[in-house]
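Source file work36.cif; content: mmCIF, C-alpha atoms.
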data_work
loop_
_atom_site.label_atom_id
_atom_site.label_comp_id
_atom_site.auth_asym_id
_atom_site.auth_seq_id
_atom_site.Cartn_x
_atom_site.Cartn_y
_atom_site.Cartn_z
CA MET A 1 -6.40 24.34 -3.01
CA ARG A 2 -8.69 22.07 -5.04
CA ILE A 3 -7.27 18.57 -5.44
CA ALA A 4 -8.61 15.55 -7.30
CA VAL A 5 -7.26 12.16 -6.23
CA ILE A 6 -7.78 9.48 -8.87
CA VAL A 7 -7.57 5.83 -7.81
CA GLU A 8 -9.37 2.74 -9.10
CA ALA A 9 -10.68 1.48 -5.72
CA ILE A 10 -11.16 2.74 -2.16
CA PRO A 11 -11.39 1.06 1.29
CA PRO A 12 -12.47 -1.17 2.77
CA PHE A 13 -12.07 -3.72 -0.03
CA CYS A 14 -8.82 -2.73 -1.70
CA GLY A 15 -5.05 -3.13 -1.55
CA GLY A 16 -2.37 -1.13 0.21
CA GLY A 17 -1.87 1.39 -2.60
CA GLU A 18 -5.55 2.30 -2.60
CA GLN A 19 -5.48 2.62 1.21
CA VAL A 20 -2.62 5.09 0.90
CA ALA A 21 -4.58 7.10 -1.67
CA TRP A 22 -7.51 7.31 0.75
CA ILE A 23 -5.28 8.36 3.68
CA HIS A 24 -3.76 11.00 1.39
CA ALA A 25 -7.23 12.28 0.48
CA THR A 26 -8.67 12.31 4.02
CA GLU A 27 -5.65 14.08 5.50
CA MET A 28 -5.60 16.65 2.69
CA ALA A 29 -9.33 17.27 3.21
CA SER A 30 -8.63 18.85 6.59
CA ARG A 31 -6.91 21.74 4.80
CA HIS A 32 -8.02 21.62 1.16
CA VAL A 33 -11.02 20.85 -1.02
CA VAL A 34 -10.55 17.21 -2.04
CA THR A 35 -12.46 15.01 -4.46
CA VAL A 36 -11.77 11.31 -5.01
CA ILE A 37 -12.57 9.97 -8.48
CA THR A 38 -12.87 6.19 -8.56
CA PHE A 39 -14.79 3.29 -10.05
CA GLY A 40 -18.25 2.31 -8.78
CA GLU A 41 -21.25 0.40 -10.06
CA GLN A 42 -22.63 3.45 -11.84
CA ARG A 43 -22.10 7.18 -12.30
CA GLU A 44 -22.82 8.70 -8.91
CA SER A 45 -21.80 11.63 -6.70
CA SER A 46 -21.67 11.29 -2.92
CA ALA A 47 -19.59 12.23 0.12
CA ARG A 48 -17.65 10.28 2.73
CA ASP A 49 -15.39 11.41 5.60
CA GLY A 50 -15.54 15.01 4.40
CA ILE A 51 -14.51 14.08 0.87
CA ARG A 52 -16.51 14.47 -2.30
CA LEU A 53 -16.76 11.13 -4.12
CA GLU A 54 -17.25 10.89 -7.87
CA LEU A 55 -17.96 7.31 -8.94
CA LEU A 56 -17.55 6.22 -12.54
CA PRO A 57 -18.88 2.95 -14.00
CA LYS A 58 -16.25 0.28 -14.66
CA PRO A 59 -17.04 -1.40 -17.99
CA GLN A 60 -15.35 -4.41 -19.48
CA ARG A 61 -12.08 -3.35 -21.10
CA PRO A 62 -12.02 0.02 -19.28
CA LEU A 63 -8.94 1.32 -21.12
CA THR A 64 -10.67 0.96 -24.48
CA ARG A 65 -13.95 2.39 -23.22
CA TYR A 66 -12.50 5.41 -21.42
CA CYS A 67 -10.34 6.26 -24.40
CA THR A 68 -13.42 6.20 -26.64
CA THR A 69 -17.11 6.00 -25.67
CA HIS A 70 -16.69 6.84 -21.96
CA ARG A 71 -14.11 9.59 -22.37
CA SER A 72 -16.63 12.42 -22.23
CA LEU A 73 -17.97 10.98 -18.94
CA LEU A 74 -14.56 11.21 -17.30
CA GLN A 75 -13.83 14.61 -18.82
CA SER A 76 -17.11 16.11 -17.61
CA CYS A 77 -16.34 14.78 -14.12
CA ILE A 78 -12.93 16.49 -14.17
CA GLU A 79 -14.48 19.75 -15.37
CA GLN A 80 -17.14 19.68 -12.64
CA VAL A 81 -14.53 19.14 -9.93
CA ASP A 82 -12.21 21.74 -11.53
CA PRO A 83 -9.08 20.87 -9.51
CA ALA A 84 -5.84 22.81 -9.60
CA ILE A 85 -3.96 19.54 -9.25
CA ILE A 86 -4.78 15.96 -10.21
CA HIS A 87 -2.99 13.28 -8.21
CA CYS A 88 -3.23 9.74 -9.58
CA HIS A 89 -2.33 6.81 -7.36
CA MET A 90 -1.36 3.62 -9.20
CA PRO A 91 -1.80 5.44 -12.54
CA ASN A 92 -3.37 3.21 -15.14
CA VAL A 93 -6.58 3.66 -17.11
CA LEU A 94 -8.28 6.77 -15.71
CA SER A 95 -5.02 8.72 -15.48
CA LEU A 96 -4.58 8.50 -19.26
CA CYS A 97 -8.05 9.27 -20.54
CA PHE A 98 -8.73 12.93 -19.77
CA ARG A 99 -7.52 16.27 -21.11
CA ARG A 100 -5.55 17.89 -18.33
CA ARG A 101 -5.61 21.44 -19.74
CA ASN A 102 -3.52 23.66 -17.42
CA ARG A 103 -3.82 21.46 -14.34
CA LEU A 104 -0.77 20.03 -12.60
CA LEU A 105 -0.54 16.24 -12.74
CA VAL A 106 1.22 14.05 -10.16
CA HIS A 107 1.47 10.26 -10.27
CA THR A 108 2.33 7.92 -7.39
CA ILE A 109 3.80 4.52 -8.28
CA HIS A 110 3.04 1.82 -5.71
CA ASP A 111 4.19 -1.42 -7.36
CA GLY A 112 7.64 -2.60 -6.35
CA THR A 113 8.30 -5.29 -8.97
CA PRO A 114 10.59 -4.26 -11.85
CA GLU A 115 8.99 -4.56 -15.28
CA ASN A 116 11.22 -7.44 -16.35
CA GLU A 117 9.92 -9.51 -13.41
CA MET A 118 6.24 -8.63 -13.88
CA LEU A 119 5.52 -11.01 -16.75
CA GLY A 120 5.55 -14.02 -14.47
CA ALA A 121 4.68 -12.31 -11.18
CA LYS A 122 1.70 -10.19 -12.22
CA PHE A 123 0.64 -10.74 -15.83
CA GLY A 124 -0.46 -14.00 -17.39
CA SER A 125 0.35 -13.07 -20.98
CA ARG A 126 2.88 -11.05 -22.92
CA ARG A 127 0.04 -9.01 -24.41
CA LYS A 128 -1.11 -7.75 -20.99
CA TRP A 129 2.47 -7.13 -19.95
CA ALA A 130 3.19 -5.13 -23.12
CA ARG A 131 0.01 -3.08 -22.65
CA PHE A 132 1.04 -2.30 -19.07
CA LYS A 133 4.45 -1.06 -20.23
CA VAL A 134 2.88 1.18 -22.90
CA VAL A 135 0.42 2.66 -20.40
CA ARG A 136 3.21 3.17 -17.82
CA ARG A 137 5.40 5.01 -20.32
CA LEU A 138 2.56 7.24 -21.48
CA ASN A 139 1.72 8.10 -17.87
CA MET A 140 5.37 8.85 -17.10
CA ALA A 141 5.61 11.25 -20.03
CA ARG A 142 2.34 12.96 -19.08
CA ALA A 143 3.05 13.70 -15.43
CA ASP A 144 4.65 16.84 -14.04
CA ALA A 145 6.00 14.79 -11.13
CA VAL A 146 6.14 11.12 -10.16
CA THR A 147 6.46 9.92 -6.58
CA CYS A 148 7.73 6.50 -5.54
CA VAL A 149 6.86 5.10 -2.13
CA SER A 150 10.20 3.42 -1.44
CA ARG A 151 13.82 4.39 -2.01
CA HIS A 152 14.41 1.07 -3.74
CA ASN A 153 11.55 1.70 -6.15
CA LEU A 154 12.79 5.24 -6.83
CA GLU A 155 16.17 3.86 -7.87
CA VAL A 156 14.55 1.20 -10.06
CA MET A 157 12.21 3.68 -11.76
CA ARG A 158 14.99 6.17 -12.45
CA GLY A 159 16.94 3.35 -14.10
CA LEU A 160 13.96 2.21 -16.19
CA TYR A 161 12.91 5.70 -17.28
CA PRO A 162 16.07 7.85 -17.36
CA ALA A 163 14.38 10.51 -19.51
CA HIS A 164 11.96 11.17 -16.64
CA ALA A 165 14.36 10.67 -13.72
CA HIS A 166 14.42 14.40 -12.98
CA LYS A 167 10.70 14.44 -12.14
CA MET A 168 10.82 11.48 -9.71
CA HIS A 169 10.64 11.92 -5.94
CA PHE A 170 10.50 9.73 -2.84
CA VAL A 171 7.43 10.07 -0.61
CA PRO A 172 6.81 7.11 1.75
CA ASN A 173 3.49 5.53 2.60
CA PRO A 174 1.51 6.74 5.64
CA ILE A 175 -0.59 4.53 7.92
CA TYR A 176 -3.91 5.31 9.57
CA ASP A 177 -3.78 7.25 12.85
CA ARG A 178 -6.05 4.65 14.44
CA TYR A 179 -3.14 2.22 14.68
CA PHE A 180 -1.55 4.53 17.27
CA GLN A 181 -4.47 4.36 19.67
CA ALA A 182 -3.83 2.66 23.01
CA PRO A 183 -3.73 -1.11 22.44
CA SER A 184 -6.15 -3.38 24.23
CA ARG A 185 -4.78 -6.03 26.55
CA GLY A 186 -4.21 -9.27 24.72
CA GLY A 187 -3.06 -12.75 25.62
CA GLU A 188 -0.06 -12.60 23.24
CA ASP A 189 -0.50 -16.28 22.54
CA TYR A 190 -0.14 -16.56 18.74
CA VAL A 191 1.93 -15.62 15.71
CA LEU A 192 0.05 -13.24 13.39
CA ASN A 193 0.13 -12.52 9.69
CA PHE A 194 -2.36 -10.00 8.31
CA GLY A 195 -2.96 -8.30 4.99
CA ARG A 196 -3.67 -9.86 1.61
CA GLN A 197 -3.55 -13.63 1.93
CA ILE A 198 -1.78 -14.52 -1.30
CA SER A 199 0.98 -17.03 -1.82
CA HIS A 200 4.01 -14.76 -2.16
CA LYS A 201 3.12 -12.94 1.06
CA MET A 202 2.40 -15.77 3.49
CA ALA A 203 3.11 -19.23 2.04
CA ALA A 204 6.49 -19.40 3.80
CA LEU A 205 4.83 -18.73 7.16
CA LEU A 206 2.25 -21.44 6.54
CA GLU A 207 5.12 -23.88 5.90
CA ALA A 208 6.79 -22.70 9.11
CA ALA A 209 3.55 -23.37 11.00
CA LYS A 210 3.75 -27.01 9.94
CA LEU A 211 7.17 -27.21 11.60
CA MET A 212 5.91 -25.64 14.85
CA PRO A 213 2.75 -27.56 15.79
CA GLU A 214 2.98 -26.36 19.40
CA LEU A 215 2.36 -22.73 18.35
CA ARG A 216 -0.85 -21.11 17.13
CA PHE A 217 -0.69 -19.20 13.85
CA VAL A 218 -3.39 -16.69 12.90
CA PHE A 219 -3.91 -15.31 9.36
CA VAL A 220 -6.21 -12.30 8.85
CA GLY A 221 -7.18 -10.93 5.45
CA SER A 222 -8.81 -11.93 2.20
CA GLY A 223 -7.18 -13.66 -0.74
CA GLU A 224 -6.61 -16.87 -2.63
CA MET A 225 -4.95 -18.60 0.33
CA VAL A 226 -7.95 -18.29 2.67
CA ARG A 227 -8.98 -21.95 2.76
CA ASP A 228 -8.40 -25.11 4.74
CA HIS A 229 -4.78 -26.16 4.28
CA GLY A 230 -4.99 -29.07 6.68
CA VAL A 231 -2.67 -27.35 9.17
CA ARG A 232 -4.27 -27.85 12.56
CA ASN A 233 -2.45 -24.96 14.28
CA ALA A 234 -3.22 -22.40 11.52
CA GLU A 235 -6.44 -20.35 11.64
CA PHE A 236 -7.76 -18.18 8.79
CA PHE A 237 -10.19 -15.41 9.73
CA GLY A 238 -10.67 -13.70 6.37
CA PHE A 239 -11.15 -9.94 6.07
CA SER A 240 -11.56 -7.96 9.29
CA ALA A 241 -12.23 -4.25 9.77
CA GLU A 242 -10.81 -4.60 13.30
CA VAL A 243 -7.37 -5.96 12.54
CA GLU A 244 -5.99 -3.97 15.50
CA ARG A 245 -7.72 -6.43 17.83
CA PHE A 246 -5.83 -9.32 16.25
CA ILE A 247 -2.54 -7.41 16.44
CA ASP A 248 -3.02 -6.69 20.14
CA GLY A 249 -3.53 -10.38 20.89
CA ALA A 250 -0.38 -11.51 19.07
CA ALA A 251 3.05 -12.26 20.51
CA MET A 252 4.65 -11.15 17.25
CA CYS A 253 3.75 -10.36 13.63
CA VAL A 254 5.55 -12.21 10.84
CA PHE A 255 5.66 -11.22 7.14
CA PRO A 256 7.97 -13.46 5.06
CA SER A 257 7.01 -11.97 1.67
CA SER A 258 9.01 -12.82 -1.43
CA THR A 259 8.56 -9.27 -2.76
CA GLU A 260 7.26 -5.96 -1.40
CA ASN A 261 7.67 -2.26 -2.13
CA PHE A 262 6.79 -0.29 1.01
CA PRO A 263 4.43 -2.60 2.94
CA LEU A 264 1.97 -1.02 5.35
CA VAL A 265 1.46 -4.11 7.51
CA GLY A 266 4.85 -3.91 9.19
CA LEU A 267 4.32 -0.30 10.24
CA GLU A 268 0.77 -1.03 11.39
CA ALA A 269 2.04 -3.78 13.70
CA MET A 270 4.92 -1.58 14.91
CA ALA A 271 2.50 1.26 15.70
CA ARG A 272 0.74 -1.15 18.09
CA GLY A 273 4.07 -1.92 19.79
CA LYS A 274 4.43 -5.45 18.40
CA PRO A 275 7.77 -6.97 17.34
CA VAL A 276 7.93 -7.68 13.61
CA ILE A 277 9.77 -10.41 11.74
CA ALA A 278 9.88 -9.72 8.00
CA SER A 279 11.75 -10.25 4.76
CA ARG A 280 14.27 -7.63 3.73
CA ARG A 281 12.73 -6.62 0.42
CA GLY A 282 10.39 -3.74 1.17
CA PHE A 283 10.47 -4.01 4.96
CA SER A 284 14.10 -2.86 5.13
CA GLU A 285 12.79 0.58 4.10
CA TYR A 286 11.95 1.13 7.77
CA ILE A 287 13.23 -1.88 9.76
CA GLU A 288 16.83 -2.12 11.00
CA HIS A 289 17.73 -5.64 11.99
CA MET A 290 17.65 -6.21 15.76
CA LYS A 291 17.11 -2.49 16.40
CA ASN A 292 13.40 -2.04 15.69
CA GLY A 293 12.55 -5.43 14.15
CA PHE A 294 13.97 -8.68 12.82
CA LEU A 295 14.90 -9.01 9.13
CA LEU A 296 15.06 -12.40 7.44
CA ASP A 297 17.94 -13.14 5.08
CA SER A 298 15.70 -15.59 3.23
CA ILE A 299 12.12 -16.80 3.44
CA ASP A 300 13.10 -20.43 3.76
CA PRO A 301 10.63 -21.90 6.31
CA ASN A 302 13.46 -23.13 8.52
CA GLU A 303 14.88 -19.63 8.80
CA VAL A 304 11.41 -18.29 9.60
CA VAL A 305 11.10 -20.91 12.34
CA SER A 306 14.50 -19.95 13.76
CA ALA A 307 13.52 -16.27 13.93
CA ILE A 308 10.20 -17.03 15.61
CA ARG A 309 11.90 -19.24 18.21
CA LYS A 310 14.44 -16.50 18.95
CA LEU A 311 11.71 -14.01 19.79
CA GLN A 312 9.49 -16.61 21.44
CA CYS A 313 12.19 -17.38 24.00
CA ASP A 314 13.17 -13.78 24.76
CA ALA A 315 10.39 -11.59 26.18
CA ASP A 316 12.83 -8.72 26.82
CA LEU A 317 13.84 -8.71 23.15
CA ARG A 318 10.20 -8.68 22.06
CA ARG A 319 9.50 -5.68 24.30
CA ARG A 320 12.61 -3.82 23.14
CA LEU A 321 11.87 -4.32 19.46
CA GLY A 322 8.23 -3.40 20.06
CA ARG A 323 9.11 -0.11 21.76
CA ALA A 324 11.65 0.84 19.08
CA GLY A 325 9.20 -0.12 16.33
CA ARG A 326 6.53 2.14 17.78
CA LEU A 327 8.93 5.11 17.66
CA THR A 328 9.75 4.31 14.03
CA ALA A 329 6.09 4.10 13.06
CA GLU A 330 5.46 7.60 14.45
CA GLN A 331 7.39 9.00 11.48
CA PHE A 332 4.72 7.70 9.11
CA ARG A 333 1.61 9.32 10.53
CA PRO A 334 -0.59 10.84 7.80
CA VAL A 335 0.14 14.46 8.64
CA ALA A 336 3.92 13.97 8.29
CA VAL A 337 3.66 12.23 4.92
CA VAL A 338 1.00 14.49 3.40
CA GLU A 339 3.16 17.53 4.21
CA LYS A 340 5.70 16.06 1.78
CA TYR A 341 3.04 16.01 -0.94
CA GLU A 342 2.16 19.63 -0.19
CA GLN A 343 5.84 20.59 -0.45
CA LEU A 344 5.99 18.83 -3.81
CA TYR A 345 2.93 20.70 -5.08
CA GLU A 346 4.53 24.00 -4.06
CA SER A 347 7.80 23.08 -5.79
CA LEU A 348 5.79 22.61 -8.99
CA GLY A 349 4.57 26.18 -8.73
CA LEU A 350 1.23 25.65 -7.02
CA ARG A 351 0.52 27.72 -3.92
CA GLU A 352 -2.37 27.36 -1.53
CA GLY A 353 -5.32 29.56 -2.29
#
Can the structure from this file be put into structure tokens for me?
Amino acid sequence: MRIAVIVEAIPPFCGGGEQVAWIHATEMASRHVVTVITFGEQRESSARDGIRLELLPKPQRPLTRYCTTHRSLLQSCIEQVDPAIIHCHMPNVLSLCFRRRNRLLVHTIHDGTPENEMLGAKFGSRRKWARFKVVRRLNMARADAVTCVSRHNLEVMRGLYPAHAHKMHFVPNPIYDRYFQAPSRGGEDYVLNFGRQISHKMAALLEAAKLMPELRFVFVGSGEMVRDHGVRNAEFFGFSAEVERFIDGAAMCVFPSSTENFPLVGLEAMARGKPVIASRRGFSEYIEHMKNGFLLDSIDPNEVVSAIRKLQCDADLRRRLGRAGRLTAEQFRPVAVVEKYEQLYESLGLREG
């Protein structure tokens, strides 16, 4: 089977949705011929991890350019790859600007914020917000199938786009197999938050750190919040390609996000056997309170502090949640999730060969 995965960025410098697209591509490449089409500095063909890479230049105003002057560039790339199926993660610009001909088209939606909340949360102007909604609706109409990475998001999308509800499916996010490798011995002497360091994901934990000066708090990842906040017991390490090392040295991992869809960070910590404290939105897709993790009812810093103290004082609870979390994470290995994509392709009438 020849598959083209279209996504606007690839690891290491990208978000969770782009990471999922890359895991999808690399796992598929063990059984199929896979090409990833993405943005680069210039038009270029290369290979990485057994995958053919087709890089397209990213101009200013890419939607306008790829609908007009750059359209033939994208179309020629599609024709050279000649896939039977085109799978677009986070469908936006590139997913709209090519002629699909007889190829099957699947879209995966990764954002978890309903459209009516996006104006303030994601877009700075009504014009950008309106353009996003137009592009989203055109992509919905175009696709043969749409997958959502959380059950909550599936319900929201079916409500927003009832005319396309019949083509929507739930396929969860996978995490890299490397997170399941044997953990190194760590001192377990700090509270860890990793991933994108932006306000809605970690500001509540930073406030909690101020209330717990006796504990060390470690933040790993890039983003607007990576700076000196004047909190003596909080350390910011920026981006790291070896986040597993930080996880292994932590007593617990804490993610008090105000909004999530299907966050990878919780599963990555659980795969390393670490107890996780997290907000309900998004993390409740795979965490059951006090069974395989600890769910916060709110992200008020005082509640975050209370949860941390509960785990800090109970080593047996930390071990129990860590063991149960590891078993949960096993369900989200790449091979298990990608099989769901293959089953979807077959249901659309595409067979291997």
Hits from the PyMOL selection byres ((chain A and resi 23-38) around 6), listed as a list in words: Met1, Arg2, Ile3, Ala4, Val5, Ile6, Val7, Glu8, Ala9, Val20, Ala21, Trp22, Phe39, Ile51, Arg52, Leu53, Glu54 and Leu55 of chain A
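Comparing the minimum interatomic distances between A:Leu205 and each of A:Gly16, A:Gly249, A:Pro301, A:Gly293, counting all atoms listed in the file, we find that A:Pro301 sits nearest.
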So, with only C-alpha atoms as the atoms that count, which of A:Val226, A:Val149, A:Ala234, A:Leu348 lies closest to A:Gly282? A:Val149
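Matched in the shown structure by the PyMOL selection byres ((chain A and resi 180-190) around 9): A:Tyr176, A:Asp177, A:Arg178, A:Tyr179, A:Val191, A:Leu192, A:Leu215, A:Arg216, A:Phe217, A:Val218, A:Glu244, A:Arg245, A:Phe246, A:Ile247, A:Asp248, A:Gly249, A:Ala250, A:Ala251, A:Met252, A:Cys253, A:Glu268, A:Ala271, A:Arg272, A:Gly273, A:Arg326, A:Ala329, A:Glu330, A:Arg333.
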Separation of atom CA of A:Ile78 from atom CA of A:His107, in Å and rounded to one decimal: 16.2 Å
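Among the candidate residues A:Cys14, A:Leu295, A:Leu73, A:Ala208, the one lying nearest to A:Arg309 is A:Ala208, with distances computed using only C-alpha atoms.
The coordinates place atom CA of A:Phe237 at 22.1 Å from atom CA of A:Glu18.
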For A:Leu211, which residue out of A:Glu303, A:Glu235, A:Asp82, A:Asp297 is the nearest one, using all atoms listed in the file? A:Glu303
9 Å contact set for A:Asn302, all atoms listed in the file, chain neighbours under 3 positions out, as a ChimeraX atom specification: /A:207-208,211,299,305-307
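Residues with any atom within 8 Å of the point (-2.2, -11.9, 7.0), counting only C-alpha atoms, are A:Leu192, A:Asn193, A:Phe194, A:Gly195, A:Arg196, A:Gln197, A:Met202, A:Val218, A:Phe219, A:Val220, A:Gly221, A:Phe255.
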Saved selection, atoms kept: C-alpha atoms, as a compact mmCIF listing (two decimals), in the coordinates of the input:
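Below you can see result.txt, which holds the result:
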# COMPACT_ATOMS: atom_id res chain seq x y z
CA LEU A 192 0.05 -13.24 13.39
CA ASN A 193 0.13 -12.52 9.69
CA PHE A 194 -2.36 -10.00 8.31
CA GLY A 195 -2.96 -8.30 4.99
CA ARG A 196 -3.67 -9.86 1.61
CA GLN A 197 -3.55 -13.63 1.93
CA MET A 202 2.40 -15.77 3.49
CA VAL A 218 -3.39 -16.69 12.90
CA PHE A 219 -3.91 -15.31 9.36
CA VAL A 220 -6.21 -12.30 8.85
CA GLY A 221 -7.18 -10.93 5.45
CA PHE A 255 5.66 -11.22 7.14
